[in-house]
Amino acid sequence: MNTGLKIFGWLLTVGGFQIIFCSAISAELNEDEILAGIEARIEKHRKVDAVLSVVDADGRPVSGAEVAVEQTRHGFLFGSNIYRWGKQDDEKLEAAYRRQFAELLNYATLAFYWPGYEKQRDKPNHEYTERVAQWCRQHDIITKGHPLAWNYAEPGWLPDDAEQIRRLQMARIEDCVKRFTGLIDRWDVVNEVTHFDRKPFSDRSPKLTGMWKKVGRMEFTRECFLHARKAGPKAMLLINDYRTGDGYRQVVEQLVDADGKPMYDVIGIQSHMHGGAWPTKTIWQVCERFARFGVPLHFTETTILSGHRSWNGPKNADWVSTPEGEAYQAREVVRFYSVLFSHPAVEAITWWDFSDLHSWKRAPAGFIRKDMTPKPAFVELKKLIKQKWWTEKKLRTGAGGSARFRGFIGDYKITVSRGGKQAGVEEFTLLKDGENRCVVKLK
């Protein structure tokens, strides 16, 4: 049987004897092995054991108590950009967008594209962003800003002087990170470093791209991270790119400070699949390629279409969602998410966009249609997130007043009843590396 196990060895001479040391570094799984191992990996990497103890008002163990264990939120981040929040002309469509976003997801990416965010100099659109972020907080949705630095286009008011543009860029980074501390604490700091000077970006942003070239690809990137870290010492900082090969690997390797320590907290990986979903082995290989850096991986921009699959849409026709395409999208979403959820290095998946209405490239990429009705992909993913990968249990404490369970990492509500009446409630979080003990004290 070919397990694909890679063996690395080295030779050491001790007292005239040659000893060969071998190390099994990694196992290259084939497609069938990756798919067959999903459930076992999820059980191993996404669930932990917990102990619940019930005591009375005097601290004495209570046996025979009925305990309801209800998960309230995943520790894993299931997200989408939330770019259409507050932008539907129809109140019913707006309400449906918000309701279904909160119903399915616990993570939202908010837009910080410089040209649109600060159309007039010194007048950034912080007010709208704060409203979106506050709504997310009210619905227990974690937020991320995207991106602080990217040269896909540039504000029309940028000056001609490269050094002045550089100062403005760094000031913008510090302003955004400081202003939203506590409300938005995750940031895509620099977007698409690997190929920043490509067309048409270099044509649409000649001043910004020219400054970046003058400073140097990695020098500029490091400086952005330095300013983001200065403004947000506790913020989670991401590098993000659409390339997933050696070019991006080299950027990650070089993105270190003067002491050789990584300047990023998370590696962001884009996975736009307009032309068709990645093969299972490709998904796994990308994860393995970047997992070796020892930080969490976030799949930051994920797209699988529910209509004509291409990068530019069908000619002479609207790019619409079709029944066949929706069935394909749902099937591939389940596979893609299941593989990623089973990989221990992955901690977040963000979809792009939540709705087909005004989606990127106007592609039928959303979980919901233009009329805000859910597609099969929404339904199937909800089954995974809120049913299959969700913990709800009924327990009874033993003679020592304790009960044990194994659940998915995340937040929980524990309700204890005696004689059919609620006697105590406690909230706690199951952590990957925590003690995971909860004590409920009865009234």
# chains A, B, ... in the order shown; residues from 1 in each chain; ligands from 1

call {"tool": "residues_around", "arguments": {"residues": "A:Val51", "least_positions_apart": "2", "cutoff": "8 Å", "atoms": "only C-alpha atoms", "output": "ChimeraX atom specification"}}
result
/A:49,53,402-405,436-438

call {"tool": "write_last_selection", "arguments": {"atoms": "N, CA and C atoms", "output": "PDB file, in the first residue's frame"}}
result
ATOM      1  N   ASP A  49     -13.316  17.420  25.458  1.00  0.00           N
ATOM      2  CA  ASP A  49     -14.062  16.875  26.603  1.00  0.00           C
ATOM      3  C   ASP A  49     -14.268  17.952  27.656  1.00  0.00           C
ATOM      4  N   SER A  53     -20.078  20.403  36.840  1.00  0.00           N
ATOM      5  CA  SER A  53     -20.342  20.096  38.244  1.00  0.00           C
ATOM      6  C   SER A  53     -21.493  20.962  38.729  1.00  0.00           C
ATOM      7  N   SER A 402     -21.364  15.464  39.234  1.00  0.00           N
ATOM      8  CA  SER A 402     -20.721  15.834  37.966  1.00  0.00           C
ATOM      9  C   SER A 402     -21.286  15.045  36.788  1.00  0.00           C
ATOM     10  N   ALA A 403     -21.094  15.606  35.613  1.00  0.00           N
ATOM     11  CA  ALA A 403     -21.458  14.945  34.355  1.00  0.00           C
ATOM     12  C   ALA A 403     -20.420  15.336  33.312  1.00  0.00           C
ATOM     13  N   ARG A 404     -20.178  14.450  32.390  1.00  0.00           N
ATOM     14  CA  ARG A 404     -19.178  14.699  31.358  1.00  0.00           C
ATOM     15  C   ARG A 404     -19.822  14.699  29.980  1.00  0.00           C
ATOM     16  N   PHE A 405     -19.232  15.469  29.083  1.00  0.00           N
ATOM     17  CA  PHE A 405     -19.671  15.423  27.692  1.00  0.00           C
ATOM     18  C   PHE A 405     -18.520  15.855  26.787  1.00  0.00           C
ATOM     19  N   ASN A 436     -11.680  23.332  30.682  1.00  0.00           N
ATOM     20  CA  ASN A 436     -13.038  22.959  30.281  1.00  0.00           C
ATOM     21  C   ASN A 436     -13.840  22.323  31.406  1.00  0.00           C
ATOM     22  N   ARG A 437     -13.876  23.052  32.514  1.00  0.00           N
ATOM     23  CA  ARG A 437     -14.708  22.672  33.656  1.00  0.00           C
ATOM     24  C   ARG A 437     -15.684  23.791  33.949  1.00  0.00           C
ATOM     25  N   CYS A 438     -16.931  23.437  34.183  1.00  0.00           N
ATOM     26  CA  CYS A 438     -17.949  24.431  34.489  1.00  0.00           C
ATOM     27  C   CYS A 438     -18.693  24.016  35.758  1.00  0.00           C
TER      28      CYS A 438
END

call {"tool": "select_by_dssp", "arguments": {"residues": "stretch 169-396 of chain A", "states": "strand (DSSP E or B)", "output": "PyMOL selection string"}}
result
chain A and resi 186-191+236-241+256+262+266-273+297-304+307+321+346-351+355+368+374+392-396

call {"tool": "residues_around", "arguments": {"residues": "A:Glu426", "least_positions_apart": "4", "cutoff": "10 Å", "atoms": "only C-alpha atoms", "output": "list in words"}}
result
Tyr412, Lys413, Ile414, Thr415, Val416, Cys438, Val439, Val440, Lys441 and Leu442 of chain A

call {"tool": "residues_around", "arguments": {"residues": "A:Asp90", "least_positions_apart": "6", "cutoff": "12 Å", "atoms": "only C-alpha atoms", "output": "list in words"}}
result
Ala96, Tyr97, Lys370, Asp371 and Met372 of chain A

call {"tool": "closest_residue", "arguments": {"among": "A:Phe336, A:Tyr264, A:Tyr328, A:Trp319", "to": "A:Arg186", "atoms": "only C-alpha atoms"}}
result
A:Tyr264

call {"tool": "select_by_dssp", "arguments": {"residues": "stretch 167-313 of chain A", "states": "helix (DSSP H, G or I)", "output": "count of residues only"}}
result
63

call {"tool": "atom_distance", "arguments": {"atom1": "atom CA of A:Thr181", "atom2": "atom CA of A:Ala133"}}
result
11.3 Å

call {"tool": "residues_around", "arguments": {"residues": "A:Cys224", "least_positions_apart": "6", "cutoff": "9 Å", "atoms": "only C-alpha atoms", "output": "list in words"}}
result
Leu148, Ala149, Gln169, Met170, Ile173, Val189 and Val190 of chain A

call {"tool": "atom_distance", "arguments": {"atom1": "atom CA of A:Gly64", "atom2": "atom CA of A:Thr429"}}
result
23.7 Å

call {"tool": "decode", "arguments": {"residues": "stretch 304-338 of chain A", "atoms": "C-alpha atoms", "output": "JSON list (two decimals), in the first residue's frame"}}
result
[["chain", "number", "residue", "atom", "x", "y", "z"],
["A", 304, "ILE", "CA", -18.24, 28.77, -5.76],
["A", 305, "LEU", "CA", -20.83, 29.75, -8.37],
["A", 306, "SER", "CA", -24.40, 28.56, -8.77],
["A", 307, "GLY", "CA", -24.57, 29.34, -12.48],
["A", 308, "HIS", "CA", -22.31, 29.50, -15.53],
["A", 309, "ARG", "CA", -18.78, 28.78, -14.29],
["A", 310, "SER", "CA", -16.18, 31.16, -15.68],
["A", 311, "TRP", "CA", -14.34, 34.30, -14.64],
["A", 312, "ASN", "CA", -16.30, 36.68, -16.84],
["A", 313, "GLY", "CA", -19.76, 35.22, -17.24],
["A", 314, "PRO", "CA", -21.65, 34.08, -20.34],
["A", 315, "LYS", "CA", -21.57, 36.25, -23.44],
["A", 316, "ASN", "CA", -24.73, 38.16, -24.39],
["A", 317, "ALA", "CA", -26.67, 36.88, -21.39],
["A", 318, "ASP", "CA", -27.31, 37.68, -17.76],
["A", 319, "TRP", "CA", -25.17, 35.77, -15.30],
["A", 320, "VAL", "CA", -27.95, 33.99, -13.47],
["A", 321, "SER", "CA", -28.27, 31.32, -10.84],
["A", 322, "THR", "CA", -29.72, 28.08, -12.24],
["A", 323, "PRO", "CA", -31.24, 24.99, -10.58],
["A", 324, "GLU", "CA", -28.39, 22.84, -11.91],
["A", 325, "GLY", "CA", -25.83, 25.38, -10.79],
["A", 326, "GLU", "CA", -27.36, 25.64, -7.34],
["A", 327, "ALA", "CA", -27.23, 21.88, -6.89],
["A", 328, "TYR", "CA", -23.55, 21.95, -7.92],
["A", 329, "GLN", "CA", -22.78, 24.85, -5.57],
["A", 330, "ALA", "CA", -24.45, 23.14, -2.61],
["A", 331, "ARG", "CA", -22.59, 19.87, -3.21],
["A", 332, "GLU", "CA", -19.22, 21.58, -3.56],
["A", 333, "VAL", "CA", -19.79, 23.85, -0.55],
["A", 334, "VAL", "CA", -20.35, 20.81, 1.64],
["A", 335, "ARG", "CA", -17.17, 19.17, 0.37],
["A", 336, "PHE", "CA", -15.03, 22.31, 0.57],
["A", 337, "TYR", "CA", -16.16, 23.28, 4.06],
["A", 338, "SER", "CA", -15.91, 19.72, 5.36]]
